[in-house]
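Chemist: Have a look at this one.
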Amino acid sequence: MSTASAAPQLPRGARWILAALALAACVALGVVIAGVTGGASDIWGGYDSALRRVQDDAWWSLWVFPGVLIGSLVAMGVLASPARSEPHDLRRRHMWFLWAGVGVAVISLCAPLATIAQGGLLQAHMLQHVLLGALAPVLVLLGVSPAPRGTRARRRVLAVVLHPVVAFSIWLASTIVWIVPDVHHEVVARPALWLLQQVVVFLAGIALWAPITDRIVDPPEWFRTGAKCCELIVVWFTGILLANLFWFSGSVLYDGHSAGALAWGISPMQDQANAGTIMALAHCAITFVAIGILFFRHASERGLEQRLVEAGVPENEVRAATYDGTLNDLAGRAGVAVETRTGLD
């Protein structure tokens, strides 16, 4: 018998109210801070205002727009917070991942990085996208519970959007579109388009990593460890190809960042090369760490499956537990204690 009762979980309606309050509080805080630092006048300033701040060493001031984005992220964190019915240790781990992801996203949207990214260095813009489009989505997804089996049937639209092939296509299209020089120029010049870019980059990262981490909806049965590693290798290869474009183009691709780079005492070509290096390092680090985790978990999982079969557990039950991500529970009931999971946790 348990000696401690589980803490009551907030009703869904109460979570929506808390999320709305968090959003309003963050927007209000953003407006106040922007006004104190002089950033409120830059709501529609775009590239010219951001460049002026960089050249005048006022790049530390905040904008109002990030207040909306940050508030949205905090609201999402409230809504996506793990259920109190989860085991305490697991729930605490999920909470750490979730709020770490929100924190990374907030850093990417705030000054000084946001101001330098729009009006200054291309490498800052690349770093912003690495944080917002790669690292933050992984952490946020690891902060929510794995999708139970059968969610594909109940969430038909999400099941289509988050199908591994469709999700990868969304991520690839987003990655390519935003680096087109003419599109990039419009992004840095128009705050509304900059706002849209940040939202799309984050959501594209969520789409890419949701099937890999087994979150939101359960992926198809064929998309297990081997297929996940293959997709991650393609993601890595895409990043390396784009990095080579920045390294060896032979010309400045984004003239809009030239003045900002010169204001920092960096040549535009060196700034562009540094942006390629950031992209390459980020893709190498994130994808190969994920591949390593998946590989070693897959190896230990195969061993656990074999021991369960040898202990007398029917093979079809073992395979079903592996697919459902409940192999730990099955091992505990069979007296074979080892901690594994197919997803990226």
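Identifiers in this document derive from the order of the structure tokens: chains are assigned A, B, ..., residues are numbered from 1 separately in each chain, and ligands are numbered from 1 in order of occurrence.
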Sorted by chain and rising residue number, which residues of segment 115-185 of chain A lie within 12 Å of segment 94-99 of chain A, and what are their closest atom pairs and distances in Å to one decimal, counting only C-alpha atoms, as a tab-separated table?

Modeler:
residue	atom	partner	partner_atom	distance
A:Leu135	CA	A:Phe97	CA	10.9
A:Ala136	CA	A:Leu98	CA	8.9
A:Pro137	CA	A:Leu98	CA	9.3
A:Val138	CA	A:Phe97	CA	8.7
A:Leu139	CA	A:Phe97	CA	5.1
A:Val140	CA	A:Leu98	CA	4.5
A:Leu141	CA	A:Leu98	CA	7.1
A:Leu142	CA	A:Phe97	CA	5.8
A:Gly143	CA	A:Leu98	CA	3.9
A:Val144	CA	A:His94	CA	6.0
A:Ser145	CA	A:His94	CA	7.4
A:Pro146	CA	A:His94	CA	10.3

Chemist: May I have the selected residues written with C-alpha atoms, as a PDB file, in the first residue's frame?

Modeler:
ATOM      1  CA  LEU A 135      17.803  22.452 -28.992  1.00  0.00           C
ATOM      2  CA  ALA A 136      14.613  23.984 -27.553  1.00  0.00           C
ATOM      3  CA  PRO A 137      12.217  21.616 -29.388  1.00  0.00           C
ATOM      4  CA  VAL A 138      14.154  18.537 -28.237  1.00  0.00           C
ATOM      5  CA  LEU A 139      14.120  19.668 -24.609  1.00  0.00           C
ATOM      6  CA  VAL A 140      10.443  20.661 -24.694  1.00  0.00           C
ATOM      7  CA  LEU A 141       9.425  17.314 -26.194  1.00  0.00           C
ATOM      8  CA  LEU A 142      11.461  15.397 -23.630  1.00  0.00           C
ATOM      9  CA  GLY A 143       9.520  17.331 -21.010  1.00  0.00           C
ATOM     10  CA  VAL A 144       6.196  15.760 -21.963  1.00  0.00           C
ATOM     11  CA  SER A 145       5.118  12.167 -21.538  1.00  0.00           C
ATOM     12  CA  PRO A 146       5.664   9.704 -24.415  1.00  0.00           C
TER      13      PRO A 146
END

Chemist: Which polymer residues have any atom within 9 Å of an atom of Ser258 of chain A, counting only C-alpha atoms, with same-chain residues fewer than 2 positions away left out, as a list of chain:residue names?

Modeler: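 Counting only the stated atoms, we get A:Gly120, A:Leu121, A:Leu122, A:Val252, A:Tyr254, A:Asp255, A:Gly256, A:Gly260, A:Ala261, A:Leu262, A:Ala263, A:Ile266, A:Ser267, A:Pro268, A:Met269, A:Asp271.
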
Chemist: With N, CA and C atoms retained, write the just-selected residues as a tab-separated table (two decimals), in the first residue's frame.

Modeler:
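The result, stored in out.tsv:
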chain	number	residue	atom	x	y	z
A	120	GLY	N	22.69	42.73	-36.69
A	120	GLY	CA	24.13	42.62	-36.58
A	120	GLY	C	24.69	41.41	-37.28
A	121	LEU	N	25.17	40.45	-36.53
A	121	LEU	CA	25.95	39.35	-37.06
A	121	LEU	C	25.06	38.23	-37.61
A	122	LEU	N	25.48	37.70	-38.76
A	122	LEU	CA	24.79	36.53	-39.31
A	122	LEU	C	25.00	35.33	-38.40
A	252	VAL	N	29.51	37.19	-50.44
A	252	VAL	CA	28.62	37.46	-49.31
A	252	VAL	C	27.18	37.19	-49.74
A	254	TYR	N	24.40	37.51	-47.74
A	254	TYR	CA	23.42	38.37	-47.08
A	254	TYR	C	24.03	39.75	-46.85
A	255	ASP	N	23.82	40.64	-47.81
A	255	ASP	CA	24.40	41.99	-47.71
A	255	ASP	C	23.88	42.74	-46.50
A	256	GLY	N	22.66	42.41	-46.06
A	256	GLY	CA	22.08	43.12	-44.94
A	256	GLY	C	22.87	42.99	-43.65
A	260	GLY	N	26.39	45.33	-40.01
A	260	GLY	CA	26.42	44.86	-38.62
A	260	GLY	C	27.72	44.15	-38.30
A	261	ALA	N	28.22	43.33	-39.23
A	261	ALA	CA	29.49	42.65	-39.00
A	261	ALA	C	30.63	43.64	-38.88
A	262	LEU	N	30.64	44.64	-39.77
A	262	LEU	CA	31.70	45.66	-39.73
A	262	LEU	C	31.64	46.45	-38.43
A	263	ALA	N	30.42	46.67	-37.90
A	263	ALA	CA	30.28	47.39	-36.63
A	263	ALA	C	30.93	46.63	-35.49
A	266	ILE	N	34.27	42.69	-37.72
A	266	ILE	CA	34.41	41.38	-38.37
A	266	ILE	C	34.07	41.55	-39.85
A	267	SER	N	34.85	40.94	-40.72
A	267	SER	CA	34.55	41.02	-42.14
A	267	SER	C	33.28	40.22	-42.44
A	268	PRO	N	32.46	40.65	-43.40
A	268	PRO	CA	31.24	39.91	-43.73
A	268	PRO	C	31.49	38.45	-44.12
A	269	MET	N	32.59	38.18	-44.83
A	269	MET	CA	32.89	36.80	-45.23
A	269	MET	C	33.22	35.94	-44.00
A	271	ASP	N	32.14	36.51	-40.95
A	271	ASP	CA	30.86	36.35	-40.24
A	271	ASP	C	30.06	35.21	-40.87

Chemist: Quick one: residues within 10 Å of Asn274 of chain A, only C-alpha atoms, excluding same-chain residues fewer than 2 positions away - as a list in words?

Modeler: Leu121, Leu122, Gln123, Ala124, Met126, Ala243, Phe246, Trp247, Pro268, Met269, Gln270, Asp271, Gln272, Gly276, Thr277, Ile278, Met279 and Ala280 of chain A

Chemist: In Å, rounded to a single decimal, give me how far atom CA of Ala275 of chain A is from atom CA of His125 of chain A.

Modeler: 8.0 Å

Chemist: Where does DSSP see alpha helix (DSSP H) in segment 181-324 of chain A, if you list the residues as a ChimeraX atom specification?

Modeler: /A:181-189,191-213,225-248,258-263,268-310,315-324

Chemist: Export, as an mmCIF file, in the first residue's frame, the selected residues with C-alpha atoms.

Modeler:
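Saved the output as out07.cif:
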data_model
loop_
_atom_site.group_PDB
_atom_site.id
_atom_site.type_symbol
_atom_site.label_atom_id
_atom_site.label_comp_id
_atom_site.auth_asym_id
_atom_site.auth_seq_id
_atom_site.Cartn_x
_atom_site.Cartn_y
_atom_site.Cartn_z
ATOM 1 C CA PRO A 181 18.863 35.536 -49.463
ATOM 2 C CA ASP A 182 15.789 37.440 -50.725
ATOM 3 C CA VAL A 183 13.585 35.866 -48.059
ATOM 4 C CA HIS A 184 16.185 36.503 -45.349
ATOM 5 C CA HIS A 185 16.376 40.177 -46.336
ATOM 6 C CA GLU A 186 12.619 40.547 -45.877
ATOM 7 C CA VAL A 187 12.809 38.760 -42.516
ATOM 8 C CA VAL A 188 15.395 41.119 -41.041
ATOM 9 C CA ALA A 189 13.607 44.162 -42.480
ATOM 10 C CA PRO A 191 9.449 42.561 -37.629
ATOM 11 C CA ALA A 192 6.142 40.831 -38.400
ATOM 12 C CA LEU A 193 7.908 38.425 -40.752
ATOM 13 C CA TRP A 194 10.689 37.984 -38.185
ATOM 14 C CA LEU A 195 8.025 37.002 -35.665
ATOM 15 C CA LEU A 196 6.547 34.501 -38.124
ATOM 16 C CA GLN A 197 9.979 33.043 -38.802
ATOM 17 C CA GLN A 198 10.643 32.340 -35.127
ATOM 18 C CA VAL A 199 7.295 30.575 -34.738
ATOM 19 C CA VAL A 200 7.765 28.475 -37.881
ATOM 20 C CA VAL A 201 11.347 27.519 -36.996
ATOM 21 C CA PHE A 202 10.280 26.328 -33.547
ATOM 22 C CA LEU A 203 7.265 24.390 -34.834
ATOM 23 C CA ALA A 204 9.346 22.801 -37.608
ATOM 24 C CA GLY A 205 11.780 21.622 -34.944
ATOM 25 C CA ILE A 206 8.890 20.169 -32.954
ATOM 26 C CA ALA A 207 7.657 18.366 -36.081
ATOM 27 C CA LEU A 208 11.093 16.891 -36.810
ATOM 28 C CA TRP A 209 11.780 15.624 -33.311
ATOM 29 C CA ALA A 210 8.294 14.471 -32.269
ATOM 30 C CA PRO A 211 8.500 11.107 -34.132
ATOM 31 C CA ILE A 212 12.112 10.585 -33.042
ATOM 32 C CA THR A 213 11.222 11.067 -29.371
ATOM 33 C CA THR A 225 15.683 2.804 -33.767
ATOM 34 C CA GLY A 226 17.282 2.017 -37.124
ATOM 35 C CA ALA A 227 14.965 4.306 -39.089
ATOM 36 C CA LYS A 228 15.399 7.083 -36.515
ATOM 37 C CA CYS A 229 19.191 6.890 -36.783
ATOM 38 C CA CYS A 230 18.972 6.997 -40.590
ATOM 39 C CA GLU A 231 16.815 10.127 -40.449
ATOM 40 C CA LEU A 232 19.219 11.774 -38.013
ATOM 41 C CA ILE A 233 22.097 11.064 -40.388
ATOM 42 C CA VAL A 234 20.159 12.767 -43.190
ATOM 43 C CA VAL A 235 19.546 15.748 -40.878
ATOM 44 C CA TRP A 236 23.268 15.910 -40.128
ATOM 45 C CA PHE A 237 24.169 15.660 -43.822
ATOM 46 C CA THR A 238 21.735 18.479 -44.651
ATOM 47 C CA GLY A 239 23.359 20.717 -42.051
ATOM 48 C CA ILE A 240 26.841 19.962 -43.398
ATOM 49 C CA LEU A 241 25.764 20.751 -46.974
ATOM 50 C CA LEU A 242 24.322 24.093 -45.911
ATOM 51 C CA ALA A 243 27.428 24.843 -43.853
ATOM 52 C CA ASN A 244 29.561 24.244 -46.936
ATOM 53 C CA LEU A 245 27.411 26.766 -48.784
ATOM 54 C CA PHE A 246 28.327 29.382 -46.186
ATOM 55 C CA TRP A 247 31.996 28.356 -46.174
ATOM 56 C CA PHE A 248 32.704 28.103 -49.888
ATOM 57 C CA SER A 258 27.573 43.384 -43.728
ATOM 58 C CA ALA A 259 27.156 46.687 -41.865
ATOM 59 C CA GLY A 260 26.422 44.855 -38.624
ATOM 60 C CA ALA A 261 29.489 42.646 -38.996
ATOM 61 C CA LEU A 262 31.705 45.659 -39.726
ATOM 62 C CA ALA A 263 30.285 47.390 -36.634
ATOM 63 C CA PRO A 268 31.236 39.907 -43.729
ATOM 64 C CA MET A 269 32.893 36.804 -45.225
ATOM 65 C CA GLN A 270 34.266 35.773 -41.818
ATOM 66 C CA ASP A 271 30.864 36.348 -40.244
ATOM 67 C CA GLN A 272 29.312 34.110 -42.898
ATOM 68 C CA ALA A 273 31.950 31.415 -42.378
ATOM 69 C CA ASN A 274 31.362 31.533 -38.622
ATOM 70 C CA ALA A 275 27.624 31.059 -39.231
ATOM 71 C CA GLY A 276 28.418 27.916 -41.253
ATOM 72 C CA THR A 277 30.638 26.627 -38.467
ATOM 73 C CA ILE A 278 27.874 27.128 -35.889
ATOM 74 C CA MET A 279 25.432 25.227 -38.100
ATOM 75 C CA ALA A 280 27.891 22.353 -38.650
ATOM 76 C CA LEU A 281 28.825 22.034 -34.974
ATOM 77 C CA ALA A 282 25.191 22.162 -33.865
ATOM 78 C CA HIS A 283 24.094 19.467 -36.307
ATOM 79 C CA CYS A 284 27.042 17.250 -35.358
ATOM 80 C CA ALA A 285 26.480 17.622 -31.624
ATOM 81 C CA ILE A 286 22.716 17.196 -31.507
ATOM 82 C CA THR A 287 22.346 14.444 -34.097
ATOM 83 C CA PHE A 288 25.257 12.274 -32.983
ATOM 84 C CA VAL A 289 24.373 12.537 -29.308
ATOM 85 C CA ALA A 290 20.837 11.445 -30.220
ATOM 86 C CA ILE A 291 22.155 8.591 -32.382
ATOM 87 C CA GLY A 292 24.422 7.435 -29.561
ATOM 88 C CA ILE A 293 21.560 7.404 -27.052
ATOM 89 C CA LEU A 294 19.281 5.535 -29.459
ATOM 90 C CA PHE A 295 21.979 2.992 -30.349
ATOM 91 C CA PHE A 296 22.920 2.080 -26.790
ATOM 92 C CA ARG A 297 19.282 1.990 -25.707
ATOM 93 C CA HIS A 298 18.482 -0.284 -28.632
ATOM 94 C CA ALA A 299 21.322 -2.631 -27.663
ATOM 95 C CA SER A 300 20.224 -2.888 -24.027
ATOM 96 C CA GLU A 301 16.614 -3.274 -25.155
ATOM 97 C CA ARG A 302 17.417 -6.287 -27.325
ATOM 98 C CA GLY A 303 19.162 -7.911 -24.379
ATOM 99 C CA LEU A 304 16.193 -7.248 -22.109
ATOM 100 C CA GLU A 305 13.811 -8.719 -24.670
ATOM 101 C CA GLN A 306 15.883 -11.890 -24.819
ATOM 102 C CA ARG A 307 15.962 -12.243 -21.035
ATOM 103 C CA LEU A 308 12.207 -11.742 -20.828
ATOM 104 C CA VAL A 309 11.610 -14.471 -23.416
ATOM 105 C CA GLU A 310 13.971 -16.779 -21.520
ATOM 106 C CA GLU A 315 7.394 -13.198 -27.415
ATOM 107 C CA ASN A 316 4.404 -11.312 -28.836
ATOM 108 C CA GLU A 317 3.823 -9.703 -25.427
ATOM 109 C CA VAL A 318 7.476 -8.667 -25.255
ATOM 110 C CA ARG A 319 7.335 -7.094 -28.724
ATOM 111 C CA ALA A 320 4.099 -5.278 -27.902
ATOM 112 C CA ALA A 321 5.661 -3.884 -24.725
ATOM 113 C CA THR A 322 8.682 -2.707 -26.712
ATOM 114 C CA TYR A 323 6.451 -0.919 -29.192
ATOM 115 C CA ASP A 324 4.363 0.638 -26.418
#

Chemist: Using atom CA of Leu21 of chain A and atom CA of Gly71 of chain A as the two end points, give the distance in Å to one decimal.

Modeler: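 Computing it gives 9.2 Å between the two atoms.
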
Chemist: Using only C-alpha atoms, which of A:Val74, A:Val54, A:Leu131, A:Ala167 sits nearest Thr115 of chain A?

Modeler: A:Val54

Chemist: Work out how far atom CA of Ala173 of chain A is from atom CA of Pro219 of chain A, in Å to one decimal.

Modeler: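 These atoms are spaced 20.8 Å apart.
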